[in-house]
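A.B. asks: I'm passing along start19.cif; it holds mmCIF, C-alpha atoms and all ligand atoms.
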data_work
#
loop_
_atom_site.label_atom_id
_atom_site.label_comp_id
_atom_site.auth_asym_id
_atom_site.auth_seq_id
_atom_site.Cartn_x
_atom_site.Cartn_y
_atom_site.Cartn_z
CA MET A 29 0.00 0.00 0.00
CA LYS A 30 1.24 3.50 -0.80
CA ALA A 31 1.26 5.37 2.48
CA CYS A 32 1.32 8.97 1.32
CA LYS A 33 -0.89 10.63 -1.24
CA THR A 34 1.72 12.25 -3.43
CA PHE A 35 2.05 15.78 -4.67
CA VAL A 36 -0.66 17.86 -3.13
CA SER A 37 -0.53 21.12 -4.99
CA GLU A 38 0.88 24.26 -3.37
CA ILE A 39 -2.64 25.69 -3.35
CA GLU A 40 -3.99 22.72 -1.44
CA VAL A 41 -1.12 22.93 1.02
CA GLY A 42 -1.87 26.60 1.57
CA LEU A 43 -5.50 25.97 2.51
CA GLU A 44 -5.00 24.37 5.90
CA LYS A 45 -2.43 23.91 8.60
CA LEU A 46 -0.46 20.78 7.75
CA PHE A 47 2.06 19.51 10.28
CA SER A 48 5.60 18.52 9.29
CA THR A 49 7.55 15.41 10.32
CA ASN A 50 9.74 17.59 12.50
CA GLU A 51 6.75 19.14 14.29
CA LEU A 52 5.23 15.74 15.02
CA SER A 53 8.51 14.34 16.30
CA ARG A 54 8.76 17.25 18.76
CA MET A 55 5.12 16.94 19.74
CA TRP A 56 5.35 13.23 20.44
CA ASN A 57 8.94 13.21 21.72
CA VAL A 58 10.01 10.62 19.16
CA SER A 59 12.63 10.80 16.43
CA GLU A 60 11.81 12.06 12.97
CA SER A 61 12.69 8.65 11.56
CA THR A 62 10.01 7.07 13.79
CA VAL A 63 7.41 9.45 12.39
CA LYS A 64 8.58 8.68 8.86
CA ARG A 65 8.40 4.94 9.55
CA TRP A 66 4.80 5.27 10.78
CA ALA A 67 3.99 7.32 7.69
CA ASP A 68 5.68 4.93 5.29
CA SER A 69 3.95 1.91 6.82
CA GLY A 70 0.59 3.59 6.16
CA ASP A 71 -0.40 3.63 9.86
CA LEU A 72 -0.16 7.41 9.87
CA GLN A 73 -1.53 8.88 6.66
CA CYS A 74 0.25 11.82 5.11
CA VAL A 75 0.33 13.91 1.97
CA LYS A 76 3.47 14.93 0.14
CA THR A 77 4.45 18.39 -1.02
CA PRO A 78 5.79 18.88 -4.56
CA GLY A 79 9.25 18.87 -2.92
CA GLY A 80 8.59 15.35 -1.51
CA HIS A 81 8.15 16.37 2.14
CA ARG A 82 5.60 14.53 4.28
CA ARG A 83 2.78 16.63 5.71
CA PHE A 84 0.12 15.54 8.21
CA GLN A 85 -3.45 16.71 8.73
CA LEU A 86 -4.84 17.45 12.18
CA ASP A 87 -7.72 14.94 12.02
CA GLU A 88 -5.31 12.19 10.96
CA ILE A 89 -2.93 13.07 13.80
CA VAL A 90 -5.77 12.85 16.33
CA ARG A 91 -6.99 9.56 14.86
CA PHE A 92 -3.48 8.09 15.01
CA GLN A 93 -2.88 9.32 18.58
CA ARG A 94 -6.12 7.73 19.72
CA SER A 95 -5.43 4.45 17.95
CA GLN A 96 -1.98 4.30 19.59
CA GLY A 97 -3.28 5.43 22.98
CA PHE A 98 -0.91 8.37 23.44
CA ASP A 99 -1.12 12.12 23.67
CA ALA A 100 0.80 15.06 22.23
CA VAL A 101 3.09 15.85 25.13
CA GLY A 102 6.04 17.58 23.54
CA SER A 103 6.16 21.13 22.29
CA LEU A 104 5.17 22.46 18.94
CA MET A 105 6.80 25.78 18.24
CA THR A 106 6.19 28.27 15.56
CA PRO A 107 9.11 30.69 15.06
CA GLY A 108 7.14 33.59 16.61
CA GLU A 109 6.11 31.58 19.64
CA SER A 110 9.57 30.27 20.41
CA SER A 111 11.25 33.65 20.08
CA GLU A 112 8.70 35.41 22.30
CA GLY A 113 8.76 32.72 24.94
CA VAL A 114 4.97 32.38 24.52
CA LEU A 115 5.15 28.68 23.91
CA PRO A 116 6.35 27.53 27.34
CA GLU A 117 3.45 29.53 28.82
CA MET A 118 0.99 27.75 26.53
CA GLU A 119 2.50 24.32 27.14
CA ARG A 120 2.42 24.87 30.91
CA ALA A 121 -1.22 25.92 30.73
CA LEU A 122 -2.07 22.88 28.60
CA GLU A 123 -0.17 20.56 30.88
CA ARG A 124 -2.13 21.78 33.92
CA ARG A 125 -5.42 22.09 32.05
CA ASP A 126 -5.31 25.71 33.25
CA PHE A 127 -8.28 27.05 31.29
CA SER A 128 -8.00 30.50 32.79
CA ALA A 129 -4.41 30.89 31.53
CA LEU A 130 -5.45 29.51 28.12
CA ALA A 131 -8.32 31.99 27.94
CA ASP A 132 -5.90 34.78 28.79
CA LEU A 133 -3.50 33.69 26.05
CA PHE A 134 -6.40 33.29 23.65
CA SER A 135 -7.70 36.81 24.28
CA ARG A 136 -4.22 38.35 23.85
CA ARG A 137 -3.76 36.63 20.52
CA ALA A 138 -7.31 37.41 19.38
CA LEU A 139 -6.88 41.10 20.23
CA ASP A 140 -3.61 41.09 18.24
CA GLY A 141 -5.53 39.71 15.24
CA ASP A 142 -3.20 36.70 15.31
CA VAL A 143 -5.29 34.06 13.49
CA GLU A 144 -2.29 31.71 13.24
CA GLY A 145 -1.56 32.02 16.95
CA VAL A 146 -5.20 31.48 17.97
CA GLY A 147 -5.43 28.53 15.57
CA SER A 148 -2.24 27.01 16.91
CA LEU A 149 -3.46 27.35 20.52
CA LEU A 150 -6.75 25.65 19.67
CA ALA A 151 -5.06 22.93 17.62
CA ARG A 152 -2.57 22.20 20.42
CA ALA A 153 -5.33 22.04 23.02
CA TYR A 154 -7.38 19.74 20.79
CA LEU A 155 -4.37 17.49 20.22
CA ARG A 156 -3.96 17.31 24.00
CA GLY A 157 -7.40 15.74 24.14
CA ILE A 158 -9.52 18.77 25.13
CA PRO A 159 -12.88 18.29 23.38
CA ALA A 160 -14.17 21.00 21.02
CA VAL A 161 -17.07 21.85 23.35
CA ASP A 162 -14.70 22.42 26.29
CA LEU A 163 -12.41 24.53 24.13
CA GLN A 164 -15.36 26.72 23.36
CA GLU A 165 -16.94 26.84 26.81
CA GLN A 166 -13.77 27.00 28.88
CA VAL A 167 -11.39 28.95 26.66
CA VAL A 168 -13.07 30.93 23.89
CA THR A 169 -16.23 32.08 25.69
CA PRO A 170 -14.46 33.23 28.89
CA ALA A 171 -11.85 34.99 26.72
CA MET A 172 -14.58 36.86 24.84
CA HIS A 173 -16.39 37.69 28.07
CA ARG A 174 -13.17 39.19 29.48
CA ILE A 175 -12.78 41.26 26.34
CA GLY A 176 -16.36 42.49 26.82
CA GLU A 177 -15.59 43.47 30.40
CA ARG A 178 -12.52 45.44 29.29
CA TRP A 179 -14.65 47.17 26.64
CA ARG A 180 -17.27 48.04 29.29
CA THR A 181 -14.64 49.67 31.47
CA GLY A 182 -13.29 51.69 28.52
CA GLU A 183 -9.99 49.83 28.27
CA LEU A 184 -10.77 48.45 24.80
CA THR A 185 -12.56 49.95 21.81
CA VAL A 186 -15.24 48.51 19.53
CA ALA A 187 -12.48 48.08 16.93
CA ASP A 188 -10.62 45.83 19.39
CA GLU A 189 -13.81 43.78 19.88
CA HIS A 190 -14.29 43.44 16.14
CA ILE A 191 -10.68 42.31 15.59
CA ALA A 192 -10.92 39.76 18.40
CA THR A 193 -14.23 38.32 17.19
CA ARG A 194 -13.12 38.11 13.58
CA THR A 195 -9.81 36.48 14.57
CA ALA A 196 -11.53 33.91 16.77
CA VAL A 197 -14.16 33.05 14.14
CA ASP A 198 -11.53 32.83 11.36
CA ALA A 199 -9.29 30.54 13.42
CA LEU A 200 -12.22 28.24 14.30
CA THR A 201 -13.40 28.18 10.70
CA ARG A 202 -9.95 27.10 9.52
CA LEU A 203 -9.64 24.46 12.21
CA GLN A 204 -13.07 22.88 11.95
CA PRO A 205 -12.57 20.84 8.74
CA GLU A 206 -9.53 19.25 10.39
CA MET A 207 -11.37 18.07 13.50
CA LEU A 208 -12.79 14.59 13.76
CA ARG A 209 -16.47 14.54 12.94
CA ARG A 210 -19.09 11.86 13.32
CA PRO A 211 -20.61 10.44 10.15
CA SER A 212 -23.80 12.14 9.00
CA ASN A 213 -26.77 11.35 11.28
CA GLY A 214 -29.24 12.51 8.61
CA LYS A 215 -30.48 15.34 10.85
CA THR A 216 -30.66 18.99 9.89
CA ALA A 217 -30.63 22.23 11.82
CA VAL A 218 -31.18 25.92 11.18
CA VAL A 219 -29.15 28.24 13.42
CA GLY A 220 -29.13 32.02 13.74
CA CYS A 221 -29.68 35.20 15.73
CA PRO A 222 -32.84 37.40 15.84
CA GLU A 223 -33.28 40.73 14.13
CA ASP A 224 -30.84 43.46 15.29
CA GLU A 225 -28.65 40.90 17.02
CA LEU A 226 -25.02 41.38 15.98
CA HIS A 227 -23.41 39.00 18.46
CA GLU A 228 -22.87 36.06 16.16
CA MET A 229 -20.23 33.96 17.85
CA ALA A 230 -22.49 31.67 19.88
CA SER A 231 -24.48 30.82 16.74
CA ARG A 232 -21.24 30.02 14.90
CA PHE A 233 -20.17 27.74 17.74
CA ILE A 234 -23.51 25.96 17.70
CA SER A 235 -23.27 25.27 13.95
CA PHE A 236 -19.68 24.15 14.37
CA LEU A 237 -20.47 21.67 17.17
CA LEU A 238 -23.58 20.27 15.53
CA GLU A 239 -21.58 19.66 12.35
CA LEU A 240 -18.94 17.79 14.33
CA GLU A 241 -21.81 15.69 15.75
CA GLY A 242 -22.86 14.73 12.19
CA TRP A 243 -25.64 17.28 11.62
CA THR A 244 -26.20 19.21 8.40
CA VAL A 245 -26.54 22.85 9.40
CA THR A 246 -27.87 25.94 7.68
CA THR A 247 -26.43 28.97 9.45
CA LEU A 248 -28.51 32.10 9.04
CA GLY A 249 -26.09 34.16 11.11
CA MET A 250 -26.68 37.46 12.84
CA ASN A 251 -29.63 39.87 12.41
CA THR A 252 -32.20 37.43 10.99
CA PRO A 253 -35.87 38.42 11.50
CA PHE A 254 -38.06 35.64 12.88
CA PHE A 255 -40.15 35.70 9.68
CA SER A 256 -36.93 34.78 7.82
CA PHE A 257 -36.33 31.92 10.28
CA ARG A 258 -39.87 30.86 9.37
CA ASP A 259 -39.01 30.95 5.65
CA ALA A 260 -35.93 28.82 6.33
CA VAL A 261 -38.01 26.26 8.25
CA GLU A 262 -40.45 26.11 5.35
CA ARG A 263 -37.63 25.56 2.87
CA TYR A 264 -35.27 23.25 4.77
CA ARG A 265 -37.73 21.38 7.04
CA PRO A 266 -35.08 21.08 9.78
CA ASP A 267 -35.26 18.79 12.80
CA LEU A 268 -33.92 21.57 14.99
CA VAL A 269 -33.97 25.37 15.13
CA CYS A 270 -31.41 27.11 17.38
CA ILE A 271 -31.76 30.78 18.23
CA SER A 272 -29.08 32.78 20.01
CA SER A 273 -29.85 36.17 21.50
CA THR A 274 -27.80 38.57 23.61
CA LEU A 275 -30.04 41.63 23.35
CA LEU A 276 -33.72 41.33 22.36
CA ASN A 277 -35.41 44.53 21.18
CA ASP A 278 -39.06 45.27 20.44
CA LEU A 279 -40.39 42.29 22.37
CA ASP A 280 -44.01 42.72 21.23
CA ARG A 281 -43.26 42.55 17.53
CA GLN A 282 -40.51 39.96 17.87
CA SER A 283 -42.64 37.62 19.98
CA ARG A 284 -45.49 37.94 17.46
CA GLU A 285 -43.21 37.00 14.56
CA TYR A 286 -41.63 34.28 16.66
CA GLY A 287 -45.12 32.85 17.30
CA GLU A 288 -45.58 32.29 13.56
CA LEU A 289 -42.21 30.55 13.39
CA CYS A 290 -43.23 28.32 16.31
CA THR A 291 -46.54 27.38 14.73
CA LEU A 292 -44.76 26.19 11.59
CA ALA A 293 -42.07 24.41 13.64
CA ARG A 294 -44.81 22.52 15.50
CA GLU A 295 -46.50 21.55 12.22
CA THR A 296 -43.25 20.32 10.67
CA GLY A 297 -41.96 18.60 13.81
CA ALA A 298 -38.91 20.88 14.29
CA ARG A 299 -37.70 21.33 17.88
CA VAL A 300 -36.89 24.90 18.90
CA VAL A 301 -33.99 25.65 21.25
CA ILE A 302 -33.28 29.15 22.52
CA GLY A 303 -30.21 30.38 24.39
CA GLY A 304 -28.07 33.37 25.32
CA VAL A 305 -28.49 36.15 27.86
CA GLY A 306 -31.26 37.74 25.75
CA PHE A 307 -33.47 34.88 26.93
CA SER A 308 -32.14 34.67 30.49
CA GLU A 309 -35.18 36.44 32.08
CA PRO A 310 -37.98 33.91 32.72
CA GLY A 311 -40.52 36.62 31.82
CA VAL A 312 -38.95 37.04 28.38
CA ARG A 313 -38.67 33.29 27.84
CA ALA A 314 -42.37 32.89 28.59
CA ARG A 315 -43.12 35.01 25.52
CA PHE A 316 -40.99 32.77 23.29
CA PRO A 317 -42.34 29.20 23.62
CA HIS A 318 -39.55 26.68 23.15
CA ASP A 319 -38.65 23.01 23.49
CA ALA A 320 -35.52 23.86 25.44
CA TYR A 321 -33.68 26.84 26.86
CA CYS A 322 -29.95 26.10 27.09
CA GLU A 323 -27.50 28.18 29.08
CA ASN A 324 -24.50 26.66 27.36
CA LEU A 325 -23.33 24.42 24.56
CA ARG A 326 -23.01 21.31 26.71
CA ASP A 327 -26.72 21.59 27.55
CA LEU A 328 -27.45 21.77 23.84
CA LEU A 329 -25.37 18.67 23.11
CA ARG A 330 -27.22 16.82 25.88
CA PHE A 331 -30.56 17.92 24.41
CA VAL A 332 -29.70 16.84 20.85
CA ALA A 333 -28.31 13.53 22.11
CA ARG A 334 -31.83 12.75 23.38
CA MET A 335 -33.47 13.65 20.04
C1 LIG B 401 -17.77 40.91 20.43
C2 LIG B 401 -18.87 41.73 21.07
C3 LIG B 401 -19.56 42.62 20.27
C4 LIG B 401 -19.34 42.71 18.77
C5 LIG B 401 -20.03 41.51 18.10
C6 LIG B 401 -19.32 41.11 16.82
C7 LIG B 401 -19.75 39.81 16.27
N1 LIG B 401 -19.50 39.66 14.99
O1 LIG B 401 -20.29 38.93 16.92
C8 LIG B 401 -19.99 44.09 18.43
C9 LIG B 401 -18.90 45.14 18.42
C10 LIG B 401 -20.78 44.17 17.14
C11 LIG B 401 -20.87 44.33 19.66
C12 LIG B 401 -21.88 45.25 19.68
C13 LIG B 401 -22.63 45.56 20.79
N2 LIG B 401 -22.44 45.06 22.03
CO1 LIG B 401 -21.26 43.57 22.43
N3 LIG B 401 -20.08 42.30 23.04
C14 LIG B 401 -19.18 41.58 22.44
C15 LIG B 401 -18.49 40.63 23.44
C16 LIG B 401 -17.14 41.24 23.83
C17 LIG B 401 -18.28 39.22 23.02
C18 LIG B 401 -19.53 38.51 22.50
C19 LIG B 401 -19.18 37.10 22.21
O2 LIG B 401 -18.82 36.78 21.09
N4 LIG B 401 -19.18 36.26 23.24
C20 LIG B 401 -18.81 34.84 23.12
C21 LIG B 401 -20.08 34.00 23.05
C22 LIG B 401 -19.74 32.60 22.63
O3 LIG B 401 -20.61 33.97 24.35
P1 LIG B 401 -22.16 34.16 24.63
O4 LIG B 401 -22.76 35.04 23.61
O5 LIG B 401 -22.29 34.51 26.06
O6 LIG B 401 -22.75 32.69 24.38
C23 LIG B 401 -22.54 31.62 25.26
C24 LIG B 401 -23.78 31.30 26.07
O7 LIG B 401 -24.56 32.44 26.34
C25 LIG B 401 -24.52 30.29 25.28
N5 LIG B 401 -25.44 30.67 24.23
C26 LIG B 401 -25.65 31.86 23.62
N6 LIG B 401 -26.61 31.77 22.71
C27 LIG B 401 -27.04 30.49 22.70
C28 LIG B 401 -28.02 29.86 21.93
C29 LIG B 401 -28.26 28.51 22.12
C30 LIG B 401 -29.31 27.83 21.30
C31 LIG B 401 -27.50 27.80 23.09
C32 LIG B 401 -27.71 26.38 23.27
C33 LIG B 401 -26.52 28.42 23.86
C34 LIG B 401 -26.31 29.78 23.65
O8 LIG B 401 -23.49 29.55 24.69
C35 LIG B 401 -22.38 30.39 24.37
C36 LIG B 401 -21.11 29.64 24.56
O9 LIG B 401 -20.77 29.43 25.88
C37 LIG B 401 -19.54 40.66 24.62
C38 LIG B 401 -19.01 40.25 25.98
C39 LIG B 401 -19.77 39.04 26.50
N7 LIG B 401 -20.01 38.98 27.78
O10 LIG B 401 -20.17 38.16 25.76
C40 LIG B 401 -20.11 42.07 24.49
C41 LIG B 401 -21.53 42.34 25.01
C42 LIG B 401 -22.43 41.14 24.74
N8 LIG B 401 -21.96 43.48 24.20
C43 LIG B 401 -22.67 44.33 24.86
C44 LIG B 401 -23.22 45.51 24.32
C45 LIG B 401 -23.88 46.44 25.30
C46 LIG B 401 -23.15 45.79 22.93
C47 LIG B 401 -23.77 47.00 22.22
C48 LIG B 401 -25.16 47.40 22.68
C49 LIG B 401 -22.77 48.15 22.35
C50 LIG B 401 -23.25 49.46 21.76
N9 LIG B 401 -23.54 50.40 22.64
O11 LIG B 401 -23.35 49.61 20.57
C51 LIG B 401 -23.73 46.54 20.75
C52 LIG B 401 -25.06 45.85 20.35
C53 LIG B 401 -25.00 45.30 18.99
C54 LIG B 401 -26.25 44.53 18.65
N10 LIG B 401 -27.28 45.19 18.17
O12 LIG B 401 -26.27 43.33 18.80
C55 LIG B 401 -22.86 43.89 26.31
C56 LIG B 401 -24.27 43.31 26.53
C57 LIG B 401 -24.81 43.66 27.89
C58 LIG B 401 -26.23 43.16 28.04
N11 LIG B 401 -26.50 41.89 27.88
O13 LIG B 401 -27.08 43.96 28.30
C59 LIG B 401 -21.68 42.88 26.49
C60 LIG B 401 -21.95 41.77 27.51
C61 LIG B 401 -20.43 43.70 26.89
C62 LIG B 401 -20.47 44.19 28.32
N12 LIG B 401 -19.66 43.63 29.20
O14 LIG B 401 -21.21 45.07 28.64
N13 LIG B 401 -20.50 43.52 20.68
#
What do you get writing this file as structure tokens?

C.D. replies:
Amino acid sequence: MKACKTFVSEIEVGLEKLFSTNELSRMWNVSESTVKRWADSGDLQCVKTPGGHRRFQLDEIVRFQRSQGFDAVGSLMTPGESSEGVLPEMERALERRDFSALADLFSRRALDGDVEGVGSLLARAYLRGIPAVDLQEQVVTPAMHRIGERWRTGELTVADEHIATRTAVDALTRLQPEMLRRPSNGKTAVVGCPEDELHEMASRFISFLLELEGWTVTTLGMNTPFFSFRDAVERYRPDLVCISSTLLNDLDRQSREYGELCTLARETGARVVIGGVGFSEPGVRARFPHDAYCENLRDLLRFVARM
């Protein structure tokens, strides 16, 4: 059997983070020749660059680690990280599962607009066995909440918030195709945020996690009126509708439009899950009938596991 797919084009190589033999040998504390032997035997799949170098994809690395029963314990440096001494800090935090330190590192990199750095932190944490949902709940969300607190106290500007959000979303988007995902479960979901809602990250996370769980997701994104959610339910006939709100305006009109969405969801058998601080008041929730209100992403995964 030929172990490596040969000659991925430069363009393909440029699309995602591929790990080199040298990086894997440092990560696993084994020699480069050991990594090459695993690759050449076909146990560890790789692709080859036009120059003949082996390159490894994240999902394959995770699969191989799991099959061999070991973890990525060594260090994986990028030139920037090693020269700034950032890496030991990250490795220490990963070693101790110190989520607060990881969130701090994450927010610094996100505020710097460092997509590579954020991506590398997430990839390293994932390789260390931290599940995607914990990465989001314990690292990304607290980091974004801290950024919000610093904005509230005037330390950061809206521009800083925008850079951080964009960097975090870009890094997650690049990483997602490389994470292990369950085979399709045949279920579909529509995910989005109500009208005037610009906080989109939770909805992106939800789509991302459901896709890893094998769902097919249509993401409507931020600022989607409830009548447009209704149109999407009519068109896609999803099993699940997820709505994320941080700030709900014009409750009378929104709850009226939401009612029409709910009626259709009931007729088509779609379950409706709401979440986010916009729905945290019981009085508000009462005006938006739902199958579940979830405070976090773990709750959502528990709910969909029962579906
Ligand atoms: C980035 C940001 C922005 C960006 C958003 C960019 C973007 N593309 O998303 C911009 C600059 C646009 C923005 C604007 C504003 N923002 Co702002 N923003 C933030 C910030 C810093 C991060 C938001 C974020 O991404 N969080 C990360 C996500 C993942 O966390 P989350 O939303 O809490 O979601 C978690 C759970 O709630 C849950 N969840 C949420 N929804 C759902 C749904 C389902 C179905 C489930 C299962 C779970 C779930 O799971 C998530 C993961 O753990 C927050 C700080 C914070 N505390 O969140 C402030 C914050 C939300 N913003 C705030 C404010 C006040 C505003 C503005 C009104 C400011 C202004 N005066 O213009 C505007 C309003 C814009 C609008 N109309 O929506 C306040 C809200 C206070 C409040 N609730 O009353 C906050 C809390 C800042 C603060 N400390 O005061 N903001």

A.B. asks: Atom CA of Thr193 of chain A and atom C7 of ligand LIG 401 (chain B), how far apart in Å?

C.D. replies: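 Interatomic distance, atom C7 of ligand LIG 401 (chain B) to atom CA of Thr193 of chain A: 5.8 Å.
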
A.B. asks: Given only C-alpha atoms as the basis, pick out the residue of A:Arg174, A:Trp56, A:Asp259, A:Ile234 nearest to Gly97 of chain A.

C.D. replies: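 Result for the nearest residue to Gly97 of chain A: A:Trp56.
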
A.B. asks: Choose the residue, out of A:Ile175, A:Ile158, A:Ala199, A:Val245, that has the smallest atom-to-atom separation from Val90 of chain A; count all atoms listed in the file.

C.D. replies: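 Going through A:Ile175, A:Ile158, A:Ala199, A:Val245 one by one, the smallest distance to Val90 of chain A is for A:Ile158.
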
A.B. asks: Name the residues, by chain letter and number, that sit within 6 Å of ligand LIG 401 (chain B) using all atoms listed in the file, and give them as a PyMOL selection string.

C.D. replies: chain A and resi 165+169+172-173+175-177+180+186+189-190+193+224-230+270-275+301-305+322-325+328

A.B. asks: Mind pulling up the distance from atom CA of Pro159 of chain A to atom CA of Leu72 of chain A?

C.D. replies: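 If I compute the distance from atom CA of Leu72 of chain A to atom CA of Pro159 of chain A, I get 21.5 Å.
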
A.B. asks: Using only C-alpha atoms, determine which residues lie at most 8 Å from segment 279-288 of chain A, disregarding the query and same-chain residues fewer than 6 positions distant; provide the list as a list in words.

C.D. replies: Phe254, Phe255, Arg258, Arg315, Phe316 and Pro317 of chain A

A.B. asks: Could you check how far atom CA of Gln204 of chain A sits from atom CA of Leu163 of chain A, in Å to one decimal?

C.D. replies: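 Atom CA of Leu163 of chain A lies 12.3 Å from atom CA of Gln204 of chain A.
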
A.B. asks: Taking into account all atoms listed in the file, which residue in the set A:Met118, A:Ile89, A:Leu248, A:Ala192 is nearest to Val63 of chain A?

C.D. replies: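 Using all atoms listed in the file, Val63 of chain A sits closest to A:Ile89.
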
A.B. asks: Under the rule that all atoms listed in the file are counted, which of A:Glu51, A:Glu239, A:Leu46, A:Thr62 is the nearest residue to Cys74 of chain A?

C.D. replies: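 Closest to Cys74 of chain A of all the choices is A:Leu46.
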
A.B. asks: Which of these residues is nearest to Asp327 of chain A, using all atoms listed in the file: A:Val161, A:Ala151, A:Ala217, A:Leu122?

C.D. replies: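 The shortest atom-to-atom distance to Asp327 of chain A comes from A:Val161.
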
A.B. asks: Closest to Ala187 of chain A among A:Val300, A:Phe236, A:Leu289, A:Asp140, using all atoms listed in the file?

C.D. replies: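 Smallest separation from Ala187 of chain A among the options: A:Asp140.
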
A.B. asks: For Leu238 of chain A, please output as an MDAnalysis selection string all residues within 9 Å (counting all atoms listed in the file; exclusion window: fewer than 5 positions along the same chain).

C.D. replies: chainID A and resid 217 233 243:245 329 332

A.B. asks: If you count all atoms listed in the file, which residues fall within 10 Å of Leu203 of chain A, apart from same-chain ones fewer than 2 positions away, as a VMD selection string?

C.D. replies: chain A and resid 44 to 45 86 to 87 147 to 148 150 to 151 197 to 201 205 to 207

A.B. asks: Can you pull out the residues contacting Tyr264 of chain A? Cut-off 9 Å, using only C-alpha atoms, and skip same-chain residues under 2 positions away; I want them as a VMD selection string.

C.D. replies: chain A and resid 216 to 218 246 259 to 262 266
